[in-house]
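For reference, upload-v5.txt is printed below; it contains compact mmCIF, C-alpha atoms.
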# COMPACT_ATOMS: atom_id res chain seq x y z
CA MET G 1 215.08 55.13 0.55
CA GLY G 2 212.72 52.47 -0.79
CA TRP G 3 211.44 49.08 0.25
CA ASP G 4 209.50 46.20 -1.21
CA HIS G 5 206.03 45.41 0.04
CA ALA G 6 203.69 42.55 -0.78
CA GLU G 7 201.18 44.90 -2.37
CA SER G 8 203.22 47.95 -3.35
CA ASP G 9 206.61 49.63 -3.62
CA VAL G 10 207.21 52.55 -1.27
CA TRP G 11 209.97 55.17 -1.26
CA ARG G 12 210.70 57.61 1.56
CA VAL G 13 211.99 60.85 0.03
CA SER G 14 213.79 63.34 2.27
CA GLY G 15 214.17 67.02 1.47
CA ASP G 16 212.79 70.16 3.09
CA VAL G 17 209.99 67.81 4.14
CA VAL G 18 209.64 64.04 4.09
CA VAL G 19 207.16 62.50 1.65
CA TYR G 20 206.33 58.96 0.63
CA VAL G 21 205.96 57.81 -2.96
CA LYS G 22 203.83 54.71 -3.39
CA ARG G 23 203.44 52.54 -6.48
CA HIS G 24 200.77 49.86 -6.30
CA ARG G 25 201.07 46.55 -8.10
CA THR G 26 197.37 46.48 -8.89
CA ARG G 27 195.21 49.22 -10.34
CA GLU G 28 192.45 48.38 -7.87
CA LYS G 29 194.60 49.19 -4.83
CA LEU G 30 195.75 52.47 -6.37
CA VAL G 31 192.16 53.53 -7.05
CA ARG G 32 191.07 52.61 -3.53
CA GLU G 33 193.83 54.50 -1.79
CA HIS G 34 193.55 57.51 -4.08
CA ARG G 35 189.82 57.76 -3.41
CA ALA G 36 190.35 57.53 0.34
CA TYR G 37 192.84 60.43 0.32
CA ARG G 38 190.79 62.48 -2.15
CA ASP G 39 187.24 61.95 -0.84
CA TRP G 40 187.38 60.74 2.77
CA MET G 41 190.51 61.96 4.52
CA PRO G 42 189.91 65.69 3.96
CA LEU G 43 186.78 65.26 6.12
CA HIS G 44 188.45 63.15 8.80
CA PRO G 45 189.57 65.06 11.93
CA GLY G 46 192.28 62.59 12.99
CA ARG G 47 195.96 62.31 12.07
CA HIS G 48 196.66 60.55 8.77
CA PRO G 49 198.68 61.09 5.59
CA ARG G 50 197.57 63.76 3.13
CA LEU G 51 197.57 63.34 -0.61
CA LEU G 52 200.13 65.66 -2.22
CA GLU G 53 200.08 64.42 -5.79
CA ALA G 54 198.64 61.57 -7.83
CA THR G 55 199.37 60.14 -11.27
CA ASP G 56 198.05 57.08 -13.09
CA THR G 57 200.67 54.94 -11.36
CA LEU G 58 201.92 56.76 -8.25
CA LEU G 59 200.68 58.46 -5.10
CA VAL G 60 202.72 61.04 -3.21
CA ILE G 61 201.61 61.41 0.41
CA SER G 62 202.76 63.31 3.46
CA GLU G 63 204.55 61.79 6.41
CA VAL G 64 202.69 61.13 9.66
CA GLU G 65 204.80 62.01 12.67
CA GLY G 66 205.25 59.21 15.18
CA GLU G 67 206.70 55.82 15.93
CA PRO G 68 205.19 52.37 15.31
CA VAL G 69 203.13 51.01 18.18
CA GLN G 70 204.91 48.13 19.89
CA ASP G 71 202.44 47.34 22.67
CA ALA G 72 199.30 49.44 22.35
CA SER G 73 198.07 50.74 25.69
CA PRO G 74 194.38 51.09 26.55
CA ASP G 75 194.71 54.82 25.88
CA VAL G 76 195.96 54.12 22.34
CA HIS G 77 193.04 51.75 21.81
CA ARG G 78 190.68 54.45 23.11
CA GLN G 79 192.08 56.85 20.51
CA ALA G 80 191.84 54.10 17.87
CA GLY G 81 188.15 53.74 18.67
CA ARG G 82 187.59 57.47 18.17
CA TRP G 83 189.64 57.52 14.93
CA ILE G 84 187.80 54.68 13.27
CA ARG G 85 184.37 55.91 14.43
CA ALA G 86 185.13 59.22 12.71
CA LEU G 87 185.85 57.29 9.49
CA HIS G 88 182.70 55.17 9.78
CA ASP G 89 180.58 58.30 10.31
CA LEU G 90 181.76 60.09 7.16
CA PRO G 91 179.15 60.74 4.45
CA PHE G 92 179.00 57.74 2.16
CA GLU G 93 176.94 56.89 -0.89
CA ASP G 94 177.06 53.17 -1.61
CA ALA G 95 177.38 52.81 -5.38
CA ASP G 96 177.72 49.02 -5.25
CA SER G 97 174.66 47.36 -6.76
CA LEU G 98 175.37 44.16 -4.83
CA PRO G 99 173.86 44.22 -1.32
CA LEU G 100 176.45 43.74 1.40
CA ALA G 101 174.81 40.52 2.62
CA HIS G 102 175.21 39.02 -0.88
CA ALA G 103 178.81 40.23 -1.04
CA MET G 104 179.52 38.46 2.26
CA THR G 105 178.25 35.22 0.73
CA ARG G 106 180.61 35.66 -2.22
CA ARG G 107 183.54 36.21 0.14
CA ALA G 108 182.74 32.85 1.67
CA ALA G 109 184.18 31.26 -1.49
CA TRP G 110 187.27 30.65 0.63
CA LEU G 111 185.22 28.11 2.56
CA ASP G 112 185.27 25.93 -0.55
CA ARG G 113 188.94 26.56 -1.28
CA ALA G 114 189.98 25.75 2.28
CA ALA G 115 187.53 22.88 2.84
CA HIS G 116 190.29 20.26 2.55
CA LEU G 117 192.45 22.13 5.08
CA VAL G 118 189.96 22.71 7.90
CA ASP G 119 187.74 20.48 10.01
CA PRO G 120 184.36 20.05 8.24
CA THR G 121 182.50 21.13 11.38
CA ALA G 122 184.29 24.51 11.27
CA ILE G 123 183.35 24.95 7.61
CA ALA G 124 179.72 24.07 8.34
CA ARG G 125 179.64 26.45 11.27
CA ALA G 126 181.04 29.27 9.15
CA ARG G 127 178.45 28.66 6.44
CA GLY G 128 175.72 28.77 9.06
CA THR G 129 176.66 32.32 10.05
CA LEU G 130 176.14 33.92 6.63
CA GLY G 131 172.51 34.73 7.34
CA LEU G 132 173.60 37.03 10.15
CA PHE G 133 174.55 39.71 7.64
CA GLU G 134 171.11 40.29 6.15
CA GLY G 135 170.21 43.95 6.32
CA THR G 136 173.76 45.20 6.96
CA VAL G 137 175.02 48.31 5.17
CA ARG G 138 178.37 49.63 4.02
CA VAL G 139 180.30 52.51 5.59
CA PRO G 140 183.82 53.81 4.81
CA CYS G 141 186.26 51.25 6.26
CA HIS G 142 190.04 51.05 6.63
CA ARG G 143 189.98 47.22 6.40
CA ASP G 144 193.51 46.71 7.75
CA TYR G 145 192.96 48.33 11.12
CA SER G 146 195.43 47.14 13.72
CA PRO G 147 198.48 48.47 15.60
CA ARG G 148 200.73 47.64 12.65
CA ASN G 149 199.19 50.68 10.95
CA TRP G 150 199.14 52.95 13.98
CA LEU G 151 201.78 55.56 14.87
CA VAL G 152 202.05 57.48 18.14
CA ASP G 153 203.84 60.83 18.31
CA ALA G 154 205.78 62.36 21.21
CA ARG G 155 202.55 63.71 22.70
CA GLY G 156 201.00 60.23 22.67
CA THR G 157 198.59 61.10 19.85
CA LEU G 158 197.52 58.39 17.44
CA GLY G 159 198.00 58.58 13.68
CA VAL G 160 196.81 55.98 11.17
CA ILE G 161 198.47 55.02 7.88
CA ASP G 162 198.15 52.56 4.98
CA LEU G 163 194.82 53.21 3.29
CA GLU G 164 195.25 50.87 0.32
CA HIS G 165 192.56 48.46 1.54
CA THR G 166 189.88 51.11 2.14
CA LEU G 167 186.45 50.25 0.87
CA GLY G 168 182.80 50.53 1.77
CA ASP G 169 182.17 47.56 4.06
CA LEU G 170 180.49 46.40 7.24
CA TRP G 171 181.86 48.54 10.06
CA LEU G 172 182.88 45.45 12.03
CA ALA G 173 185.45 44.65 9.34
CA ASP G 174 187.63 47.20 11.14
CA VAL G 175 187.38 45.31 14.42
CA VAL G 176 188.21 41.76 13.27
CA LYS G 177 192.00 42.01 13.61
CA LEU G 178 191.72 43.58 17.03
CA ALA G 179 189.22 41.01 18.29
CA SER G 180 191.43 38.13 17.12
CA GLY G 181 194.72 39.71 18.17
CA ASP G 182 195.34 42.63 20.50
CA TRP G 183 192.21 42.11 22.57
CA VAL G 184 192.83 38.44 23.36
CA ASP G 185 193.25 38.23 27.14
CA ARG G 186 193.24 42.06 27.28
CA PRO G 187 189.67 43.15 28.10
CA ASP G 188 191.05 46.54 29.20
CA ARG G 189 192.10 47.28 25.63
CA GLU G 190 188.74 46.24 24.22
CA ALA G 191 186.81 48.26 26.80
CA ALA G 192 188.94 51.34 26.05
CA PHE G 193 188.35 50.95 22.29
CA TRP G 194 184.57 50.82 22.69
CA GLU G 195 184.70 53.78 25.04
CA GLY G 196 186.48 55.74 22.32
CA TYR G 197 184.12 54.41 19.65
CA GLY G 198 181.15 55.68 21.60
CA ARG G 199 179.14 52.50 21.79
CA THR G 200 179.47 48.73 22.12
CA PRO G 201 178.10 46.13 19.70
CA ASP G 202 174.65 44.77 20.44
CA ALA G 203 174.02 41.03 20.69
CA ARG G 204 173.52 40.53 16.95
CA GLU G 205 176.61 42.56 16.11
CA ARG G 206 178.63 40.44 18.54
CA GLN G 207 177.47 37.39 16.61
CA GLN G 208 178.46 39.06 13.36
CA LEU G 209 181.91 39.87 14.74
CA ASP G 210 182.42 36.29 15.92
CA ALA G 211 181.37 35.07 12.47
CA LEU G 212 183.77 37.46 10.74
CA VAL G 213 186.66 36.24 12.89
CA ILE G 214 185.94 32.62 11.92
CA LEU G 215 185.49 33.44 8.23
CA THR G 216 188.68 35.50 8.20
CA ALA G 217 190.66 32.76 9.94
CA ILE G 218 189.56 30.15 7.40
CA SER G 219 190.34 32.44 4.45
CA THR G 220 193.75 33.13 6.01
CA ILE G 221 194.48 29.41 6.17
CA GLY G 222 193.45 28.93 2.55
CA TRP G 223 195.37 31.96 1.27
CA ALA G 224 198.49 31.07 3.25
CA ARG G 225 198.56 27.50 1.99
CA GLN G 226 198.11 28.72 -1.59
CA HIS G 227 201.05 31.13 -1.13
CA HIS G 228 203.23 28.68 0.84
CA ASP G 229 203.25 30.92 3.92
CA ALA G 230 203.49 28.48 6.81
CA ALA G 231 203.74 31.13 9.52
CA PHE G 232 200.60 32.93 8.30
CA GLU G 233 198.74 29.63 8.07
CA ALA G 234 199.70 28.79 11.66
CA GLU G 235 198.42 32.21 12.74
CA GLY G 236 195.11 31.57 11.01
CA ARG G 237 194.78 28.16 12.62
CA ALA G 238 195.48 29.58 16.08
CA ILE G 239 192.81 32.26 15.58
CA LEU G 240 190.28 29.70 14.31
CA GLU G 241 190.90 27.30 17.19
CA ARG G 242 190.52 30.10 19.76
CA ALA G 243 187.40 31.48 18.08
CA LEU G 244 185.68 28.09 17.96
CA ARG G 245 186.60 27.41 21.56
CA CYS G 246 185.36 30.76 22.86
CA SER G 247 182.17 31.19 20.84
Before we go any further, please render this structure as structure tokens.
Amino acid sequence: MGWDHAESDVWRVSGDVVVYVKRHRTREKLVREHRAYRDWMPLHPGRHPRLLEATDTLLVISEVEGEPVQDASPDVHRQAGRWIRALHDLPFEDADSLPLAHAMTRRAAWLDRAAHLVDPTAIARARGTLGLFEGTVRVPCHRDYSPRNWLVDARGTLGVIDLEHTLGDLWLADVVKLASGDWVDRPDREAAFWEGYGRTPDARERQQLDALVILTAISTIGWARQHHDAAFEAEGRAILERALRCS
């Protein structure tokens, strides 16, 4: 069985065991996911796919037992905090010559592309947050961390899939989707996540997280308009409006 995906083609192959065959549409995504399975996941204690075989164009990975999360409970968020903390704590040598703070400024290019789509005060506010990232460092990150990539088995144990976006990044990059989605009006979920993570953000990190939510919302609006995705644009606008109202 196979299905089409925005970034890749995936086939579920059944035999004595079930495996997934994944073909990426960009070389960059293939390299990222291959590296995650080869270098990071063998050291990670949580549940996740294992790399079975790799070629220049395909990855073959194991199945993760479980069902998609429909409405993640605080306990699932607690496990999610532990899972992602284990990833962030893995040994990591940052080979990128560009400091993370400078990379964050480059990512803000979407502020220019979306300037005609968003209130100028929101753009100015987003630009004013870029200095918050001075001195930050990269750690291994999932970078698409949300319940859409979580599976829970019959014992209630969390598994995490879809590692094609993995990259060294600011650790808060793995919190943005939760802060702008599942945690809205659900402080119990957020509290459980931080309990599992083992610490809560300090005041500066809270500012960084708020800034990332705003920057991500604006880039979502710009990307969605460019790709004629009205529903995704509306989602980005809702996140931006809420973030500006609450911060």
Name all residues at most 10 Å from G:Ser146 (count all atoms listed in the file; drop same-chain ones fewer than 3 positions away) and give them as a PyMOL selection string. chain G and resi 69+72+77+80+142-143+149-150+160+174-179+181-182
Could you please take those selected residues and save C-alpha atoms as a short mmCIF file (atom, residue, chain, number, x, y, z; two decimals), in the frame of the given file?
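Produced file result19.cif, reproduced below:
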data_model
loop_
_atom_site.label_atom_id
_atom_site.label_comp_id
_atom_site.auth_asym_id
_atom_site.auth_seq_id
_atom_site.Cartn_x
_atom_site.Cartn_y
_atom_site.Cartn_z
CA VAL G 69 203.13 51.01 18.18
CA ALA G 72 199.30 49.44 22.35
CA HIS G 77 193.04 51.75 21.81
CA ALA G 80 191.84 54.10 17.87
CA HIS G 142 190.04 51.05 6.63
CA ARG G 143 189.98 47.22 6.40
CA ASN G 149 199.19 50.68 10.95
CA TRP G 150 199.14 52.95 13.98
CA VAL G 160 196.81 55.98 11.17
CA ASP G 174 187.63 47.20 11.14
CA VAL G 175 187.38 45.31 14.42
CA VAL G 176 188.21 41.76 13.27
CA LYS G 177 192.00 42.01 13.61
CA LEU G 178 191.72 43.58 17.03
CA ALA G 179 189.22 41.01 18.29
CA GLY G 181 194.72 39.71 18.17
CA ASP G 182 195.34 42.63 20.50
#
Do you know which residues are at most 12 Å from stretch 8-21 of chain G counting only C-alpha atoms, after dropping those on the same chain fewer than 2 positions away, and could you put them as an MDAnalysis selection string? chainID G and resid 1:6 23:30 33 49:55 57:65 161:165
Keeping only C-alpha atoms, write those residues as a JSON list (two decimals), in the frame of the given file.
[["chain", "number", "residue", "atom", "x", "y", "z"],
["G", 1, "MET", "CA", 215.08, 55.13, 0.55],
["G", 2, "GLY", "CA", 212.72, 52.47, -0.79],
["G", 3, "TRP", "CA", 211.44, 49.08, 0.25],
["G", 4, "ASP", "CA", 209.50, 46.20, -1.21],
["G", 5, "HIS", "CA", 206.03, 45.41, 0.04],
["G", 6, "ALA", "CA", 203.69, 42.55, -0.78],
["G", 23, "ARG", "CA", 203.44, 52.54, -6.48],
["G", 24, "HIS", "CA", 200.77, 49.86, -6.30],
["G", 25, "ARG", "CA", 201.07, 46.55, -8.10],
["G", 26, "THR", "CA", 197.37, 46.48, -8.89],
["G", 27, "ARG", "CA", 195.21, 49.22, -10.34],
["G", 28, "GLU", "CA", 192.45, 48.38, -7.87],
["G", 29, "LYS", "CA", 194.60, 49.19, -4.83],
["G", 30, "LEU", "CA", 195.75, 52.47, -6.37],
["G", 33, "GLU", "CA", 193.83, 54.50, -1.79],
["G", 49, "PRO", "CA", 198.68, 61.09, 5.59],
["G", 50, "ARG", "CA", 197.57, 63.76, 3.13],
["G", 51, "LEU", "CA", 197.57, 63.34, -0.61],
["G", 52, "LEU", "CA", 200.13, 65.66, -2.22],
["G", 53, "GLU", "CA", 200.08, 64.42, -5.79],
["G", 54, "ALA", "CA", 198.64, 61.57, -7.83],
["G", 55, "THR", "CA", 199.37, 60.14, -11.27],
["G", 57, "THR", "CA", 200.67, 54.94, -11.36],
["G", 58, "LEU", "CA", 201.92, 56.76, -8.25],
["G", 59, "LEU", "CA", 200.68, 58.46, -5.10],
["G", 60, "VAL", "CA", 202.72, 61.04, -3.21],
["G", 61, "ILE", "CA", 201.61, 61.41, 0.41],
["G", 62, "SER", "CA", 202.76, 63.31, 3.46],
["G", 63, "GLU", "CA", 204.55, 61.79, 6.41],
["G", 64, "VAL", "CA", 202.69, 61.13, 9.66],
["G", 65, "GLU", "CA", 204.80, 62.01, 12.67],
["G", 161, "ILE", "CA", 198.47, 55.02, 7.88],
["G", 162, "ASP", "CA", 198.15, 52.56, 4.98],
["G", 163, "LEU", "CA", 194.82, 53.21, 3.29],
["G", 164, "GLU", "CA", 195.25, 50.87, 0.32],
["G", 165, "HIS", "CA", 192.56, 48.46, 1.54]]
Applying 12 Å and all atoms listed in the file, which residues near G:Glu241 remain after dropping the ones on its own chain fewer than 2 positions away? List them as a list of chain:residue names.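 My reading of the contact set: G:Val118, G:Asp119, G:Thr121, G:Ala122, G:Ser180, G:Val213, G:Ile214, G:Ala217, G:Ile218, G:Ile221, G:Ala234, G:Glu235, G:Gly236, G:Arg237, G:Ala238, G:Ile239, G:Ala243, G:Leu244, G:Arg245, G:Cys246, G:Ser247.
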What is the atom CA of G:Ser219 to atom CA of G:His48 distance in Å?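 Between atom CA of G:Ser219 and atom CA of G:His48 the gap works out to 29.1 Å.
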Please provide the set of residues having any atom within 12 Å of G:Ala103, restricted to only C-alpha atoms, with same-chain residues fewer than 6 positions apart removed, written as a list in words.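 After dropping sequence-adjacent residues, the list is Asp96, Ser97, Ala109, Leu130, Gly131, Phe133, Glu134, Gly135, Thr136, Val137, Arg138, Gly168, Asp169 and Leu170 of chain G.
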One residue among G:His116, G:Arg204, G:Arg125, G:His88 is nearest to G:Leu240 when using only C-alpha atoms, and that residue is G:Arg125
Written record: stretch 9-117 of chain G, C-alpha atoms, as a PDB file, in the first residue's frame:
ATOM      1  CA  ASP G   9       6.119   8.966  -1.210  1.00  0.00           C
ATOM      2  CA  VAL G  10       5.556   6.250   1.381  1.00  0.00           C
ATOM      3  CA  TRP G  11       4.675   2.582   0.940  1.00  0.00           C
ATOM      4  CA  ARG G  12       3.556   0.214   3.701  1.00  0.00           C
ATOM      5  CA  VAL G  13       4.849  -3.268   2.882  1.00  0.00           C
ATOM      6  CA  SER G  14       3.326  -6.259   4.676  1.00  0.00           C
ATOM      7  CA  GLY G  15       5.029  -9.616   5.026  1.00  0.00           C
ATOM      8  CA  ASP G  16       6.378 -11.508   8.027  1.00  0.00           C
ATOM      9  CA  VAL G  17       6.805  -8.003   9.444  1.00  0.00           C
ATOM     10  CA  VAL G  18       5.524  -4.622   8.349  1.00  0.00           C
ATOM     11  CA  VAL G  19       8.037  -2.099   7.019  1.00  0.00           C
ATOM     12  CA  TYR G  20       7.746   1.322   5.427  1.00  0.00           C
ATOM     13  CA  VAL G  21       9.583   2.369   2.288  1.00  0.00           C
ATOM     14  CA  LYS G  22      10.058   6.104   1.931  1.00  0.00           C
ATOM     15  CA  ARG G  23      11.205   8.049  -1.118  1.00  0.00           C
ATOM     16  CA  HIS G  24      11.886  11.734  -0.581  1.00  0.00           C
ATOM     17  CA  ARG G  25      11.339  14.334  -3.264  1.00  0.00           C
ATOM     18  CA  THR G  26      14.379  16.303  -2.196  1.00  0.00           C
ATOM     19  CA  ARG G  27      17.872  15.051  -1.482  1.00  0.00           C
ATOM     20  CA  GLU G  28      18.078  17.300   1.577  1.00  0.00           C
ATOM     21  CA  LYS G  29      15.148  15.582   3.322  1.00  0.00           C
ATOM     22  CA  LEU G  30      16.568  12.136   2.572  1.00  0.00           C
ATOM     23  CA  VAL G  31      19.942  13.088   4.048  1.00  0.00           C
ATOM     24  CA  ARG G  32      18.330  14.569   7.154  1.00  0.00           C
ATOM     25  CA  GLU G  33      16.158  11.573   7.892  1.00  0.00           C
ATOM     26  CA  HIS G  34      18.911   9.080   7.118  1.00  0.00           C
ATOM     27  CA  ARG G  35      21.273  10.843   9.503  1.00  0.00           C
ATOM     28  CA  ALA G  36      18.660  10.890  12.264  1.00  0.00           C
ATOM     29  CA  TYR G  37      18.108   7.123  12.009  1.00  0.00           C
ATOM     30  CA  ARG G  38      21.814   6.363  11.611  1.00  0.00           C
ATOM     31  CA  ASP G  39      23.367   8.717  14.191  1.00  0.00           C
ATOM     32  CA  TRP G  40      20.710   9.803  16.693  1.00  0.00           C
ATOM     33  CA  MET G  41      17.997   7.186  17.043  1.00  0.00           C
ATOM     34  CA  PRO G  42      20.276   4.300  18.079  1.00  0.00           C
ATOM     35  CA  LEU G  43      21.094   6.383  21.180  1.00  0.00           C
ATOM     36  CA  HIS G  44      17.504   7.395  21.919  1.00  0.00           C
ATOM     37  CA  PRO G  45      15.712   5.293  24.576  1.00  0.00           C
ATOM     38  CA  GLY G  46      12.165   6.010  23.368  1.00  0.00           C
ATOM     39  CA  ARG G  47       9.967   4.295  20.793  1.00  0.00           C
ATOM     40  CA  HIS G  48      10.623   5.313  17.185  1.00  0.00           C
ATOM     41  CA  PRO G  49      11.226   3.682  13.789  1.00  0.00           C
ATOM     42  CA  ARG G  50      14.523   1.902  13.161  1.00  0.00           C
ATOM     43  CA  LEU G  51      16.482   2.131   9.960  1.00  0.00           C
ATOM     44  CA  LEU G  52      16.539  -1.240   8.184  1.00  0.00           C
ATOM     45  CA  GLU G  53      18.100  -0.277   4.876  1.00  0.00           C
ATOM     46  CA  ALA G  54      19.107   2.831   2.954  1.00  0.00           C
ATOM     47  CA  THR G  55      19.958   3.548  -0.671  1.00  0.00           C
ATOM     48  CA  ASP G  56      20.675   6.777  -2.535  1.00  0.00           C
ATOM     49  CA  THR G  57      16.941   7.290  -3.042  1.00  0.00           C
ATOM     50  CA  LEU G  58      15.036   5.191  -0.485  1.00  0.00           C
ATOM     51  CA  LEU G  59      14.821   4.503   3.236  1.00  0.00           C
ATOM     52  CA  VAL G  60      13.357   1.301   4.657  1.00  0.00           C
ATOM     53  CA  ILE G  61      12.235   1.701   8.263  1.00  0.00           C
ATOM     54  CA  SER G  62      10.464  -0.412  10.844  1.00  0.00           C
ATOM     55  CA  GLU G  63       6.877   0.040  11.930  1.00  0.00           C
ATOM     56  CA  VAL G  64       6.073   1.695  15.256  1.00  0.00           C
ATOM     57  CA  GLU G  65       3.221  -0.060  17.020  1.00  0.00           C
ATOM     58  CA  GLY G  66       0.315   2.182  17.961  1.00  0.00           C
ATOM     59  CA  GLU G  67      -2.541   4.331  16.797  1.00  0.00           C
ATOM     60  CA  PRO G  68      -2.536   8.037  15.884  1.00  0.00           C
ATOM     61  CA  VAL G  69      -3.280  10.370  18.774  1.00  0.00           C
ATOM     62  CA  GLN G  70      -6.710  11.954  18.406  1.00  0.00           C
ATOM     63  CA  ASP G  71      -6.867  14.021  21.597  1.00  0.00           C
ATOM     64  CA  ALA G  72      -3.588  13.857  23.493  1.00  0.00           C
ATOM     65  CA  SER G  73      -4.087  13.518  27.232  1.00  0.00           C
ATOM     66  CA  PRO G  74      -1.816  15.177  29.787  1.00  0.00           C
ATOM     67  CA  ASP G  75      -0.119  11.803  30.286  1.00  0.00           C
ATOM     68  CA  VAL G  76       0.721  11.621  26.570  1.00  0.00           C
ATOM     69  CA  HIS G  77       2.118  15.154  26.748  1.00  0.00           C
ATOM     70  CA  ARG G  78       4.168  14.139  29.795  1.00  0.00           C
ATOM     71  CA  GLN G  79       5.649  11.270  27.778  1.00  0.00           C
ATOM     72  CA  ALA G  80       6.185  13.644  24.838  1.00  0.00           C
ATOM     73  CA  GLY G  81       8.206  15.913  27.111  1.00  0.00           C
ATOM     74  CA  ARG G  82      10.425  13.009  28.169  1.00  0.00           C
ATOM     75  CA  TRP G  83      10.835  11.783  24.566  1.00  0.00           C
ATOM     76  CA  ILE G  84      11.919  15.102  23.149  1.00  0.00           C
ATOM     77  CA  ARG G  85      14.200  15.889  26.120  1.00  0.00           C
ATOM     78  CA  ALA G  86      16.014  12.613  25.417  1.00  0.00           C
ATOM     79  CA  LEU G  87      16.540  13.775  21.816  1.00  0.00           C
ATOM     80  CA  HIS G  88      17.733  17.230  22.853  1.00  0.00           C
ATOM     81  CA  ASP G  89      20.228  15.696  25.299  1.00  0.00           C
ATOM     82  CA  LEU G  90      21.928  13.442  22.731  1.00  0.00           C
ATOM     83  CA  PRO G  91      25.593  14.161  21.952  1.00  0.00           C
ATOM     84  CA  PHE G  92      25.767  16.714  19.169  1.00  0.00           C
ATOM     85  CA  GLU G  93      28.619  18.410  17.361  1.00  0.00           C
ATOM     86  CA  ASP G  94      27.410  21.494  15.513  1.00  0.00           C
ATOM     87  CA  ALA G  95      29.186  21.497  12.153  1.00  0.00           C
ATOM     88  CA  ASP G  96      27.310  24.552  10.877  1.00  0.00           C
ATOM     89  CA  SER G  97      29.651  27.511  10.536  1.00  0.00           C
ATOM     90  CA  LEU G  98      26.723  29.933  10.752  1.00  0.00           C
ATOM     91  CA  PRO G  99      25.817  30.793  14.370  1.00  0.00           C
ATOM     92  CA  LEU G 100      22.229  29.950  15.224  1.00  0.00           C
ATOM     93  CA  ALA G 101      21.366  33.588  15.952  1.00  0.00           C
ATOM     94  CA  HIS G 102      22.456  34.533  12.412  1.00  0.00           C
ATOM     95  CA  ALA G 103      20.494  31.617  10.976  1.00  0.00           C
ATOM     96  CA  MET G 104      17.378  32.860  12.771  1.00  0.00           C
ATOM     97  CA  THR G 105      17.816  36.235  11.071  1.00  0.00           C
ATOM     98  CA  ARG G 106      18.003  34.518   7.685  1.00  0.00           C
ATOM     99  CA  ARG G 107      14.810  32.599   8.415  1.00  0.00           C
ATOM    100  CA  ALA G 108      13.113  35.935   8.956  1.00  0.00           C
ATOM    101  CA  ALA G 109      13.236  36.419   5.176  1.00  0.00           C
ATOM    102  CA  TRP G 110       9.578  35.397   5.255  1.00  0.00           C
ATOM    103  CA  LEU G 111       8.879  38.704   6.989  1.00  0.00           C
ATOM    104  CA  ASP G 112       9.725  40.423   3.710  1.00  0.00           C
ATOM    105  CA  ARG G 113       7.792  37.935   1.587  1.00  0.00           C
ATOM    106  CA  ALA G 114       4.685  38.209   3.753  1.00  0.00           C
ATOM    107  CA  ALA G 115       4.930  41.958   4.438  1.00  0.00           C
ATOM    108  CA  HIS G 116       2.048  42.729   2.057  1.00  0.00           C
ATOM    109  CA  LEU G 117      -0.154  40.090   3.715  1.00  0.00           C
TER     110      LEU G 117
END
